[in-house]
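File shown: run.txt. Contents: compact mmCIF, N, CA and C atoms.
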```txt
# COMPACT_ATOMS: atom_id res chain seq x y z
N MET Q 1 60.46 -23.81 194.16
CA MET Q 1 61.19 -24.80 193.41
C MET Q 1 62.33 -24.10 192.70
N HIS Q 2 63.44 -24.75 192.67
CA HIS Q 2 64.64 -24.18 192.07
C HIS Q 2 64.97 -24.98 190.80
N TRP Q 3 65.12 -24.28 189.69
CA TRP Q 3 65.44 -24.94 188.43
C TRP Q 3 66.93 -24.87 188.20
N THR Q 4 67.49 -25.96 187.74
CA THR Q 4 68.89 -25.94 187.35
C THR Q 4 68.96 -25.64 185.87
N SER Q 5 70.14 -25.28 185.40
CA SER Q 5 70.27 -24.96 183.98
C SER Q 5 69.96 -26.17 183.12
N ASP Q 6 70.27 -27.37 183.58
CA ASP Q 6 69.97 -28.57 182.80
C ASP Q 6 68.47 -28.75 182.65
N THR Q 7 67.72 -28.54 183.71
CA THR Q 7 66.29 -28.71 183.66
C THR Q 7 65.63 -27.65 182.78
N ARG Q 8 66.10 -26.41 182.91
CA ARG Q 8 65.53 -25.35 182.10
C ARG Q 8 65.71 -25.64 180.61
N GLY Q 9 66.86 -26.12 180.23
CA GLY Q 9 67.10 -26.45 178.84
C GLY Q 9 66.15 -27.52 178.35
N LYS Q 10 65.92 -28.53 179.21
CA LYS Q 10 65.03 -29.63 178.82
C LYS Q 10 63.59 -29.16 178.74
N VAL Q 11 63.18 -28.35 179.68
CA VAL Q 11 61.80 -27.84 179.67
C VAL Q 11 61.61 -26.94 178.47
N GLY Q 12 62.56 -26.02 178.23
CA GLY Q 12 62.46 -25.12 177.07
C GLY Q 12 62.41 -25.90 175.78
N GLY Q 13 63.24 -26.94 175.66
CA GLY Q 13 63.24 -27.75 174.45
C GLY Q 13 61.94 -28.51 174.28
N GLY Q 14 61.38 -28.98 175.42
CA GLY Q 14 60.12 -29.69 175.38
C GLY Q 14 58.99 -28.77 174.93
N VAL Q 15 58.98 -27.53 175.40
CA VAL Q 15 57.96 -26.58 174.99
C VAL Q 15 58.10 -26.28 173.51
N LEU Q 16 59.33 -26.11 173.05
CA LEU Q 16 59.57 -25.85 171.64
C LEU Q 16 59.08 -27.01 170.78
N LEU Q 17 59.38 -28.24 171.19
CA LEU Q 17 58.92 -29.40 170.43
C LEU Q 17 57.40 -29.47 170.40
N ALA Q 18 56.76 -29.14 171.51
CA ALA Q 18 55.29 -29.15 171.56
C ALA Q 18 54.72 -28.10 170.60
N LEU Q 19 55.33 -26.93 170.58
CA LEU Q 19 54.85 -25.90 169.68
C LEU Q 19 55.06 -26.29 168.22
N LEU Q 20 56.22 -26.85 167.93
CA LEU Q 20 56.49 -27.29 166.56
C LEU Q 20 55.49 -28.34 166.11
N GLY Q 21 55.17 -29.25 167.03
CA GLY Q 21 54.20 -30.28 166.70
C GLY Q 21 52.79 -29.74 166.53
N ALA Q 22 52.52 -28.57 167.06
CA ALA Q 22 51.18 -27.99 167.00
C ALA Q 22 50.96 -27.14 165.75
N GLY Q 23 51.88 -27.16 164.81
CA GLY Q 23 51.67 -26.43 163.57
C GLY Q 23 52.24 -25.03 163.56
N ILE Q 24 53.07 -24.69 164.48
CA ILE Q 24 53.67 -23.35 164.53
C ILE Q 24 54.52 -23.07 163.30
N PRO Q 25 55.22 -24.06 162.72
CA PRO Q 25 56.02 -23.74 161.53
C PRO Q 25 55.19 -23.11 160.42
N ALA Q 26 53.96 -23.56 160.26
CA ALA Q 26 53.11 -22.98 159.22
C ALA Q 26 52.80 -21.53 159.53
N LEU Q 27 52.57 -21.23 160.80
CA LEU Q 27 52.29 -19.84 161.18
C LEU Q 27 53.52 -18.96 161.00
N VAL Q 28 54.67 -19.46 161.43
CA VAL Q 28 55.91 -18.69 161.30
C VAL Q 28 56.23 -18.50 159.82
N GLY Q 29 56.08 -19.54 159.03
CA GLY Q 29 56.35 -19.44 157.59
C GLY Q 29 55.44 -18.43 156.93
N ALA Q 30 54.17 -18.42 157.31
CA ALA Q 30 53.23 -17.46 156.73
C ALA Q 30 53.60 -16.04 157.11
N ALA Q 31 54.06 -15.85 158.34
CA ALA Q 31 54.43 -14.50 158.78
C ALA Q 31 55.67 -14.00 158.05
N LEU Q 32 56.55 -14.92 157.66
CA LEU Q 32 57.79 -14.53 156.99
C LEU Q 32 57.66 -14.48 155.48
N ASP Q 33 56.53 -14.94 154.93
CA ASP Q 33 56.33 -14.96 153.48
C ASP Q 33 56.18 -13.53 152.96
N THR Q 34 57.11 -13.12 152.10
CA THR Q 34 57.05 -11.76 151.56
C THR Q 34 56.40 -11.74 150.18
N HIS Q 35 55.96 -12.87 149.69
CA HIS Q 35 55.30 -12.93 148.38
C HIS Q 35 53.87 -12.44 148.54
N VAL Q 36 53.63 -11.23 148.09
CA VAL Q 36 52.30 -10.63 148.19
C VAL Q 36 51.86 -10.24 146.80
N GLY Q 37 50.64 -10.53 146.47
CA GLY Q 37 50.11 -10.08 145.20
C GLY Q 37 50.40 -11.01 144.05
N GLU Q 38 50.29 -10.44 142.87
CA GLU Q 38 50.44 -11.16 141.62
C GLU Q 38 51.71 -10.71 140.89
N PRO Q 39 52.19 -11.52 139.94
CA PRO Q 39 53.39 -11.11 139.19
C PRO Q 39 53.10 -9.92 138.27
N TYR Q 40 53.89 -8.89 138.43
CA TYR Q 40 53.77 -7.68 137.63
C TYR Q 40 55.12 -7.32 137.04
N GLN Q 41 55.09 -6.52 136.03
CA GLN Q 41 56.28 -5.92 135.44
C GLN Q 41 56.30 -4.46 135.90
N GLU Q 42 57.46 -4.00 136.36
CA GLU Q 42 57.63 -2.59 136.70
C GLU Q 42 58.59 -1.99 135.68
N THR Q 43 58.11 -0.99 134.97
CA THR Q 43 58.94 -0.28 134.00
C THR Q 43 59.13 1.14 134.49
N ARG Q 44 60.38 1.56 134.48
CA ARG Q 44 60.72 2.94 134.83
C ARG Q 44 61.30 3.62 133.60
N LEU Q 45 60.75 4.79 133.30
CA LEU Q 45 61.23 5.57 132.16
C LEU Q 45 61.87 6.84 132.69
N TYR Q 46 63.01 7.21 132.10
CA TYR Q 46 63.78 8.35 132.54
C TYR Q 46 63.84 9.38 131.42
N PHE Q 47 63.15 10.50 131.64
CA PHE Q 47 63.04 11.56 130.64
C PHE Q 47 63.92 12.74 131.02
N GLY Q 48 64.87 13.08 130.18
CA GLY Q 48 65.67 14.27 130.40
C GLY Q 48 64.96 15.49 129.84
N SER Q 49 65.47 16.67 130.16
CA SER Q 49 64.80 17.89 129.71
C SER Q 49 65.67 18.79 128.83
N GLU Q 50 66.99 18.58 128.83
CA GLU Q 50 67.86 19.46 128.04
C GLU Q 50 67.70 19.14 126.55
N ARG Q 51 67.70 20.19 125.74
CA ARG Q 51 67.60 20.04 124.29
C ARG Q 51 68.90 20.53 123.66
N PRO Q 52 69.25 19.99 122.51
CA PRO Q 52 70.50 20.39 121.87
C PRO Q 52 70.44 21.82 121.29
N GLY Q 53 71.61 22.35 121.01
CA GLY Q 53 71.70 23.63 120.31
C GLY Q 53 71.30 24.83 121.14
N GLY Q 54 71.36 24.73 122.46
CA GLY Q 54 71.03 25.86 123.30
C GLY Q 54 69.55 26.17 123.40
N ARG Q 55 68.70 25.28 122.91
CA ARG Q 55 67.25 25.50 123.01
C ARG Q 55 66.82 25.40 124.47
N GLU Q 56 65.68 26.01 124.78
CA GLU Q 56 65.12 25.94 126.13
C GLU Q 56 64.86 24.49 126.52
N PRO Q 57 65.10 24.15 127.78
CA PRO Q 57 64.79 22.78 128.23
C PRO Q 57 63.29 22.51 128.16
N VAL Q 58 62.94 21.25 128.17
CA VAL Q 58 61.53 20.84 128.22
C VAL Q 58 60.99 21.32 129.57
N GLY Q 59 59.98 22.16 129.54
CA GLY Q 59 59.40 22.70 130.77
C GLY Q 59 58.42 21.73 131.40
N GLU Q 60 58.09 21.99 132.64
CA GLU Q 60 57.16 21.12 133.37
C GLU Q 60 55.81 21.06 132.67
N GLY Q 61 55.33 22.20 132.14
CA GLY Q 61 54.05 22.21 131.42
C GLY Q 61 54.10 21.35 130.18
N GLU Q 62 55.23 21.44 129.44
CA GLU Q 62 55.38 20.61 128.23
C GLU Q 62 55.39 19.14 128.60
N PHE Q 63 56.11 18.81 129.68
CA PHE Q 63 56.16 17.40 130.09
C PHE Q 63 54.78 16.92 130.52
N THR Q 64 54.06 17.75 131.27
CA THR Q 64 52.72 17.38 131.74
C THR Q 64 51.79 17.14 130.55
N ARG Q 65 51.87 17.99 129.53
CA ARG Q 65 51.03 17.78 128.33
C ARG Q 65 51.42 16.46 127.65
N PHE Q 66 52.71 16.16 127.56
CA PHE Q 66 53.16 14.89 126.97
C PHE Q 66 52.61 13.72 127.80
N LEU Q 67 52.70 13.84 129.11
CA LEU Q 67 52.17 12.82 130.01
C LEU Q 67 50.68 12.60 129.76
N ASP Q 68 49.93 13.70 129.68
CA ASP Q 68 48.47 13.61 129.49
C ASP Q 68 48.09 13.05 128.13
N ARG Q 69 48.85 13.39 127.10
CA ARG Q 69 48.49 12.99 125.73
C ARG Q 69 49.06 11.65 125.29
N GLU Q 70 50.23 11.29 125.82
CA GLU Q 70 50.91 10.08 125.34
C GLU Q 70 50.95 8.94 126.35
N ILE Q 71 51.31 9.25 127.59
CA ILE Q 71 51.53 8.18 128.56
C ILE Q 71 50.23 7.74 129.22
N THR Q 72 49.45 8.69 129.71
CA THR Q 72 48.21 8.33 130.41
C THR Q 72 47.25 7.52 129.54
N PRO Q 73 47.02 7.87 128.26
CA PRO Q 73 46.14 7.02 127.44
C PRO Q 73 46.68 5.59 127.27
N ALA Q 74 47.99 5.44 127.26
CA ALA Q 74 48.58 4.11 127.09
C ALA Q 74 48.56 3.30 128.39
N PHE Q 75 48.50 4.00 129.54
CA PHE Q 75 48.49 3.34 130.85
C PHE Q 75 47.45 4.02 131.75
N PRO Q 76 46.16 3.90 131.37
CA PRO Q 76 45.12 4.61 132.11
C PRO Q 76 44.89 4.09 133.53
N GLU Q 77 45.40 2.90 133.84
CA GLU Q 77 45.20 2.32 135.18
C GLU Q 77 45.92 3.13 136.24
N GLY Q 78 46.96 3.86 135.85
CA GLY Q 78 47.70 4.67 136.80
C GLY Q 78 49.19 4.58 136.58
N LEU Q 79 49.89 5.54 137.15
CA LEU Q 79 51.34 5.61 137.04
C LEU Q 79 51.83 6.55 138.12
N THR Q 80 53.13 6.62 138.29
CA THR Q 80 53.74 7.53 139.25
C THR Q 80 54.80 8.34 138.54
N VAL Q 81 54.86 9.64 138.84
CA VAL Q 81 55.87 10.52 138.27
C VAL Q 81 56.72 11.07 139.40
N HIS Q 82 58.04 10.96 139.24
CA HIS Q 82 59.00 11.55 140.18
C HIS Q 82 59.75 12.65 139.45
N HIS Q 83 59.87 13.80 140.09
CA HIS Q 83 60.66 14.89 139.55
C HIS Q 83 62.07 14.74 140.12
N GLY Q 84 63.07 14.99 139.29
CA GLY Q 84 64.42 14.83 139.77
C GLY Q 84 65.40 15.77 139.09
N HIS Q 85 66.61 15.62 139.50
CA HIS Q 85 67.72 16.34 138.89
C HIS Q 85 68.76 15.28 138.58
N GLY Q 86 69.05 15.12 137.30
CA GLY Q 86 69.97 14.09 136.88
C GLY Q 86 71.19 14.66 136.19
N GLN Q 87 72.05 13.76 135.84
CA GLN Q 87 73.20 14.14 135.03
C GLN Q 87 73.56 12.99 134.12
N ARG Q 88 74.18 13.35 133.02
CA ARG Q 88 74.60 12.35 132.03
C ARG Q 88 75.76 12.94 131.23
N ARG Q 89 76.43 12.08 130.52
CA ARG Q 89 77.51 12.55 129.65
C ARG Q 89 76.91 12.83 128.28
N GLY Q 90 77.09 14.05 127.80
CA GLY Q 90 76.57 14.44 126.49
C GLY Q 90 77.43 13.87 125.38
N GLN Q 91 76.97 14.01 124.15
CA GLN Q 91 77.70 13.50 122.99
C GLN Q 91 79.08 14.14 122.85
N ASP Q 92 79.23 15.36 123.37
CA ASP Q 92 80.53 16.04 123.31
C ASP Q 92 81.45 15.64 124.45
N GLY Q 93 81.00 14.72 125.33
CA GLY Q 93 81.82 14.24 126.43
C GLY Q 93 81.65 15.02 127.72
N ARG Q 94 80.97 16.14 127.68
CA ARG Q 94 80.78 16.95 128.89
C ARG Q 94 79.61 16.42 129.71
N ILE Q 95 79.67 16.66 131.01
CA ILE Q 95 78.57 16.27 131.90
C ILE Q 95 77.46 17.30 131.79
N VAL Q 96 76.25 16.82 131.56
CA VAL Q 96 75.07 17.67 131.45
C VAL Q 96 74.23 17.45 132.70
N HIS Q 97 73.91 18.54 133.41
CA HIS Q 97 73.01 18.50 134.56
C HIS Q 97 71.66 18.98 134.07
N GLU Q 98 70.61 18.25 134.44
CA GLU Q 98 69.30 18.62 133.93
C GLU Q 98 68.18 18.18 134.85
N THR Q 99 67.05 18.88 134.73
CA THR Q 99 65.82 18.43 135.36
C THR Q 99 65.41 17.15 134.65
N SER Q 100 64.90 16.20 135.41
CA SER Q 100 64.47 14.95 134.79
C SER Q 100 63.15 14.50 135.40
N TYR Q 101 62.52 13.59 134.71
CA TYR Q 101 61.24 13.03 135.15
C TYR Q 101 61.36 11.52 135.05
N GLU Q 102 60.96 10.85 136.13
CA GLU Q 102 60.93 9.39 136.13
C GLU Q 102 59.47 8.97 136.20
N VAL Q 103 59.06 8.13 135.27
CA VAL Q 103 57.68 7.62 135.26
C VAL Q 103 57.75 6.14 135.58
N VAL Q 104 56.98 5.73 136.58
CA VAL Q 104 56.94 4.33 137.01
C VAL Q 104 55.60 3.73 136.57
N LEU Q 105 55.69 2.63 135.84
CA LEU Q 105 54.50 1.93 135.33
C LEU Q 105 54.48 0.51 135.89
N LEU Q 106 53.32 0.05 136.31
CA LEU Q 106 53.13 -1.33 136.73
C LEU Q 106 52.03 -1.94 135.89
N TYR Q 107 52.27 -3.17 135.41
CA TYR Q 107 51.26 -3.86 134.63
C TYR Q 107 51.47 -5.36 134.79
N PRO Q 108 50.41 -6.15 134.61
CA PRO Q 108 50.52 -7.59 134.78
C PRO Q 108 51.61 -8.19 133.89
N GLU Q 109 52.38 -9.07 134.45
CA GLU Q 109 53.48 -9.70 133.71
C GLU Q 109 52.99 -10.38 132.44
N LYS Q 110 51.78 -10.95 132.48
CA LYS Q 110 51.25 -11.64 131.31
C LYS Q 110 50.99 -10.67 130.14
N GLU Q 111 50.95 -9.36 130.42
CA GLU Q 111 50.75 -8.35 129.38
C GLU Q 111 52.05 -7.64 128.98
N ALA Q 112 53.18 -8.17 129.43
CA ALA Q 112 54.46 -7.48 129.25
C ALA Q 112 54.80 -7.22 127.78
N GLN Q 113 54.54 -8.13 126.90
CA GLN Q 113 54.90 -7.93 125.49
C GLN Q 113 54.09 -6.78 124.88
N GLU Q 114 52.79 -6.79 125.06
CA GLU Q 114 51.94 -5.75 124.49
C GLU Q 114 52.21 -4.39 125.15
N ARG Q 115 52.37 -4.39 126.47
CA ARG Q 115 52.65 -3.14 127.19
C ARG Q 115 54.04 -2.61 126.84
N GLY Q 116 54.97 -3.52 126.62
CA GLY Q 116 56.32 -3.11 126.22
C GLY Q 116 56.31 -2.37 124.90
N ALA Q 117 55.44 -2.76 123.99
CA ALA Q 117 55.31 -2.06 122.70
C ALA Q 117 54.78 -0.64 122.94
N ARG Q 118 53.85 -0.48 123.87
CA ARG Q 118 53.36 0.86 124.21
C ARG Q 118 54.49 1.72 124.75
N VAL Q 119 55.29 1.13 125.62
CA VAL Q 119 56.42 1.86 126.22
C VAL Q 119 57.38 2.34 125.13
N GLU Q 120 57.66 1.50 124.17
CA GLU Q 120 58.59 1.87 123.09
C GLU Q 120 58.02 3.00 122.23
N ARG Q 121 56.71 3.01 122.00
CA ARG Q 121 56.08 4.12 121.27
C ARG Q 121 56.23 5.43 122.04
N ILE Q 122 56.05 5.36 123.35
CA ILE Q 122 56.20 6.55 124.20
C ILE Q 122 57.63 7.07 124.12
N ARG Q 123 58.60 6.18 124.23
CA ARG Q 123 60.01 6.59 124.18
C ARG Q 123 60.32 7.28 122.85
N ARG Q 124 59.90 6.67 121.75
CA ARG Q 124 60.18 7.26 120.42
C ARG Q 124 59.50 8.62 120.27
N ALA Q 125 58.26 8.73 120.77
CA ALA Q 125 57.53 10.00 120.65
C ALA Q 125 58.24 11.12 121.41
N TYR Q 126 58.73 10.83 122.61
CA TYR Q 126 59.42 11.86 123.40
C TYR Q 126 60.74 12.25 122.74
N GLU Q 127 61.49 11.25 122.31
CA GLU Q 127 62.77 11.53 121.64
C GLU Q 127 62.56 12.42 120.42
N HIS Q 128 61.56 12.11 119.63
CA HIS Q 128 61.28 12.87 118.41
C HIS Q 128 60.77 14.28 118.74
N ARG Q 129 59.78 14.36 119.61
CA ARG Q 129 59.16 15.65 119.91
C ARG Q 129 60.11 16.62 120.60
N PHE Q 130 60.96 16.12 121.49
CA PHE Q 130 61.81 17.00 122.28
C PHE Q 130 63.30 16.89 121.94
N LEU Q 131 63.61 16.29 120.79
CA LEU Q 131 64.97 16.20 120.27
C LEU Q 131 65.94 15.57 121.27
N GLN Q 132 65.53 14.46 121.86
CA GLN Q 132 66.34 13.75 122.84
C GLN Q 132 67.12 12.62 122.19
N ASP Q 133 68.33 12.38 122.71
CA ASP Q 133 69.12 11.24 122.23
C ASP Q 133 68.45 9.93 122.60
N SER Q 134 67.89 9.89 123.80
CA SER Q 134 67.24 8.66 124.25
C SER Q 134 66.37 8.95 125.47
N VAL Q 135 65.50 7.99 125.76
CA VAL Q 135 64.73 7.96 127.00
C VAL Q 135 65.15 6.65 127.67
N GLY Q 136 65.67 6.75 128.88
CA GLY Q 136 66.11 5.55 129.59
C GLY Q 136 64.94 4.67 129.98
N ARG Q 137 65.22 3.38 130.08
CA ARG Q 137 64.19 2.41 130.47
C ARG Q 137 64.83 1.33 131.32
N SER Q 138 64.15 0.96 132.39
CA SER Q 138 64.55 -0.22 133.17
C SER Q 138 63.30 -1.03 133.47
N ASP Q 139 63.45 -2.34 133.53
CA ASP Q 139 62.33 -3.25 133.78
C ASP Q 139 62.71 -4.21 134.91
N ASP Q 140 61.76 -4.47 135.78
CA ASP Q 140 61.94 -5.43 136.86
C ASP Q 140 60.67 -6.24 137.04
N LYS Q 141 60.83 -7.48 137.45
CA LYS Q 141 59.68 -8.30 137.81
C LYS Q 141 59.41 -8.09 139.30
N VAL Q 142 58.16 -7.80 139.63
CA VAL Q 142 57.77 -7.55 141.02
C VAL Q 142 56.46 -8.27 141.30
N ASN Q 143 56.10 -8.32 142.57
CA ASN Q 143 54.78 -8.78 142.97
C ASN Q 143 54.04 -7.57 143.47
N ALA Q 144 52.78 -7.42 143.05
CA ALA Q 144 52.01 -6.24 143.44
C ALA Q 144 50.59 -6.65 143.77
N ALA Q 145 50.01 -5.93 144.71
CA ALA Q 145 48.61 -6.12 145.07
C ALA Q 145 47.98 -4.75 145.21
N PHE Q 146 46.75 -4.62 144.75
CA PHE Q 146 46.05 -3.35 144.81
C PHE Q 146 44.69 -3.54 145.44
```

Go ahead and render the structure in this file as structure tokens.
Amino acid sequence: MHWTSDTRGKVGGGVLLALLGAGIPALVGAALDTHVGEPYQETRLYFGSERPGGREPVGEGEFTRFLDREITPAFPEGLTVHHGHGQRRGQDGRIVHETSYEVVLLYPEKEAQERGARVERIRRAYEHRFLQDSVGRSDDKVNAAF
């Protein structure tokens, strides 16, 4: 049997209509749904290591002790630490290159206010202890599943 282009189009369209009528849109929609998990808040903290006045930078051991004593007790469920090399403009206008640490925290969105207060305590403690101008913070709403 020989199919013409007109017939093929009609047959293909008929098959597509049959599939659509059989509930395929629900399957396709489910496959394309990227909403996974529950609403969470993702907070990223950016810790620099350079200290003013020519003092030694915050060492990895010092940062690890700060992490163990201040951050982990406030977020015992878990966190992620990234080691990096950053740069920023210092108060004198010069570019400062430094070792940096990024800490990623995830917590339920419904706990954002209380957890945010913990984050602010951590930021103030690091700034005070290591003579930092600031600890950077960014927040995003995400969906997470564990």

- [ ] Figure out the distance between CA of Gly116 (chain Q) and CA of Glu60 (chain Q), please, to one decimal in Å.
- [x] 25.3 Å

Rows by chain and residue number, region 90-139 of chain Q within 6 Å of region 37-55 of chain Q, shortest pair, only C-alpha atoms, as a tab-separated table:
```
residue	atom	partner	partner_atom	distance
Q:Thr99	CA	Q:Ser49	CA	5.8
Q:Ser100	CA	Q:Gly48	CA	4.6
Q:Tyr101	CA	Q:Phe47	CA	5.1
Q:Glu102	CA	Q:Tyr46	CA	4.7
Q:Val103	CA	Q:Leu45	CA	5.1
Q:Val104	CA	Q:Arg44	CA	4.6
Q:Leu105	CA	Q:Thr43	CA	5.1
Q:Leu106	CA	Q:Glu42	CA	4.7
Q:Tyr107	CA	Q:Tyr40	CA	5.5
Q:Pro108	CA	Q:Tyr40	CA	4.3
Q:Glu109	CA	Q:Tyr40	CA	4.4
Q:Val135	CA	Q:Phe47	CA	5.4
Q:Gly136	CA	Q:Tyr46	CA	4.7
Q:Arg137	CA	Q:Leu45	CA	4.6
Q:Ser138	CA	Q:Arg44	CA	5.2
Q:Asp139	CA	Q:Thr43	CA	4.5
```

Task: Point-to-point distance from CA of Pro57 (chain Q) to CA of Leu131 (chain Q), Å rounded to tenths - done: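 Taking CA of Pro57 (chain Q) and CA of Leu131 (chain Q), their separation equals 10.3 Å.
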
- [ ] Enter the distance from atom N of Phe66 (chain Q) to CA of Arg124 (chain Q), in Å, rounded to one decimal.
- [x]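 Going from atom N of Phe66 (chain Q) over to CA of Arg124 (chain Q) covers 13.6 Å.
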
Open item on the list: Need to verify the contact set: His97 (chain Q), 7 Å, only C-alpha atoms, exclusion of same-chain residues closer than 5 positions in sequence. Can you return it as number ranges by chain?
Closed with: Q: 86-88

- [ ] From a DSSP pass on the backbone, collect the residues of region 38-95 of chain Q flagged as strand (DSSP E or B) and hand them back as a ChimeraX atom specification.
- [x] /Q:38-48,80-89,95

Give the helix (DSSP H, G or I) residues of region 50-109 of chain Q, as assigned by DSSP on the backbone, as a PDB file with N, CA and C atoms, in the frame of the given file.
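Output file selection13.pdb follows:
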```
ATOM      1  N   PRO Q  52      69.250  19.990 122.510  1.00  0.00           N
ATOM      2  CA  PRO Q  52      70.500  20.390 121.870  1.00  0.00           C
ATOM      3  C   PRO Q  52      70.440  21.820 121.290  1.00  0.00           C
ATOM      4  N   GLY Q  53      71.610  22.350 121.010  1.00  0.00           N
ATOM      5  CA  GLY Q  53      71.700  23.630 120.310  1.00  0.00           C
ATOM      6  C   GLY Q  53      71.300  24.830 121.140  1.00  0.00           C
ATOM      7  N   GLY Q  54      71.360  24.730 122.460  1.00  0.00           N
ATOM      8  CA  GLY Q  54      71.030  25.860 123.300  1.00  0.00           C
ATOM      9  C   GLY Q  54      69.550  26.170 123.400  1.00  0.00           C
ATOM     10  N   GLU Q  60      58.090  21.990 132.640  1.00  0.00           N
ATOM     11  CA  GLU Q  60      57.160  21.120 133.370  1.00  0.00           C
ATOM     12  C   GLU Q  60      55.810  21.060 132.670  1.00  0.00           C
ATOM     13  N   GLY Q  61      55.330  22.200 132.140  1.00  0.00           N
ATOM     14  CA  GLY Q  61      54.050  22.210 131.420  1.00  0.00           C
ATOM     15  C   GLY Q  61      54.100  21.350 130.180  1.00  0.00           C
ATOM     16  N   GLU Q  62      55.230  21.440 129.440  1.00  0.00           N
ATOM     17  CA  GLU Q  62      55.380  20.610 128.230  1.00  0.00           C
ATOM     18  C   GLU Q  62      55.390  19.140 128.600  1.00  0.00           C
ATOM     19  N   PHE Q  63      56.110  18.810 129.680  1.00  0.00           N
ATOM     20  CA  PHE Q  63      56.160  17.400 130.090  1.00  0.00           C
ATOM     21  C   PHE Q  63      54.780  16.920 130.520  1.00  0.00           C
ATOM     22  N   THR Q  64      54.060  17.750 131.270  1.00  0.00           N
ATOM     23  CA  THR Q  64      52.720  17.380 131.740  1.00  0.00           C
ATOM     24  C   THR Q  64      51.790  17.140 130.550  1.00  0.00           C
ATOM     25  N   ARG Q  65      51.870  17.990 129.530  1.00  0.00           N
ATOM     26  CA  ARG Q  65      51.030  17.780 128.330  1.00  0.00           C
ATOM     27  C   ARG Q  65      51.420  16.460 127.650  1.00  0.00           C
ATOM     28  N   PHE Q  66      52.710  16.160 127.560  1.00  0.00           N
ATOM     29  CA  PHE Q  66      53.160  14.890 126.970  1.00  0.00           C
ATOM     30  C   PHE Q  66      52.610  13.720 127.800  1.00  0.00           C
ATOM     31  N   LEU Q  67      52.700  13.840 129.110  1.00  0.00           N
ATOM     32  CA  LEU Q  67      52.170  12.820 130.010  1.00  0.00           C
ATOM     33  C   LEU Q  67      50.680  12.600 129.760  1.00  0.00           C
ATOM     34  N   ASP Q  68      49.930  13.700 129.680  1.00  0.00           N
ATOM     35  CA  ASP Q  68      48.470  13.610 129.490  1.00  0.00           C
ATOM     36  C   ASP Q  68      48.090  13.050 128.130  1.00  0.00           C
ATOM     37  N   ARG Q  69      48.850  13.390 127.100  1.00  0.00           N
ATOM     38  CA  ARG Q  69      48.490  12.990 125.730  1.00  0.00           C
ATOM     39  C   ARG Q  69      49.060  11.650 125.290  1.00  0.00           C
ATOM     40  N   GLU Q  70      50.230  11.290 125.820  1.00  0.00           N
ATOM     41  CA  GLU Q  70      50.910  10.080 125.340  1.00  0.00           C
ATOM     42  C   GLU Q  70      50.950   8.940 126.350  1.00  0.00           C
ATOM     43  N   ILE Q  71      51.310   9.250 127.590  1.00  0.00           N
ATOM     44  CA  ILE Q  71      51.530   8.180 128.560  1.00  0.00           C
ATOM     45  C   ILE Q  71      50.230   7.740 129.220  1.00  0.00           C
ATOM     46  N   THR Q  72      49.450   8.690 129.710  1.00  0.00           N
ATOM     47  CA  THR Q  72      48.210   8.330 130.410  1.00  0.00           C
ATOM     48  C   THR Q  72      47.250   7.520 129.540  1.00  0.00           C
ATOM     49  N   PRO Q  73      47.020   7.870 128.260  1.00  0.00           N
ATOM     50  CA  PRO Q  73      46.140   7.020 127.440  1.00  0.00           C
ATOM     51  C   PRO Q  73      46.680   5.590 127.270  1.00  0.00           C
ATOM     52  N   ALA Q  74      47.990   5.440 127.260  1.00  0.00           N
ATOM     53  CA  ALA Q  74      48.580   4.110 127.090  1.00  0.00           C
ATOM     54  C   ALA Q  74      48.560   3.300 128.390  1.00  0.00           C
ATOM     55  N   GLU Q 109      52.380  -9.070 134.450  1.00  0.00           N
ATOM     56  CA  GLU Q 109      53.480  -9.700 133.710  1.00  0.00           C
ATOM     57  C   GLU Q 109      52.990 -10.380 132.440  1.00  0.00           C
TER      58      GLU Q 109
END
```

TODO: Find the residue from Q:Gly90, Q:Lys110, Q:Glu98, Q:Arg123 that sits nearest to Leu67 (chain Q); use only C-alpha atoms when measuring.
DONE: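 The answer is Q:Arg123, which sits nearest to Leu67 (chain Q).
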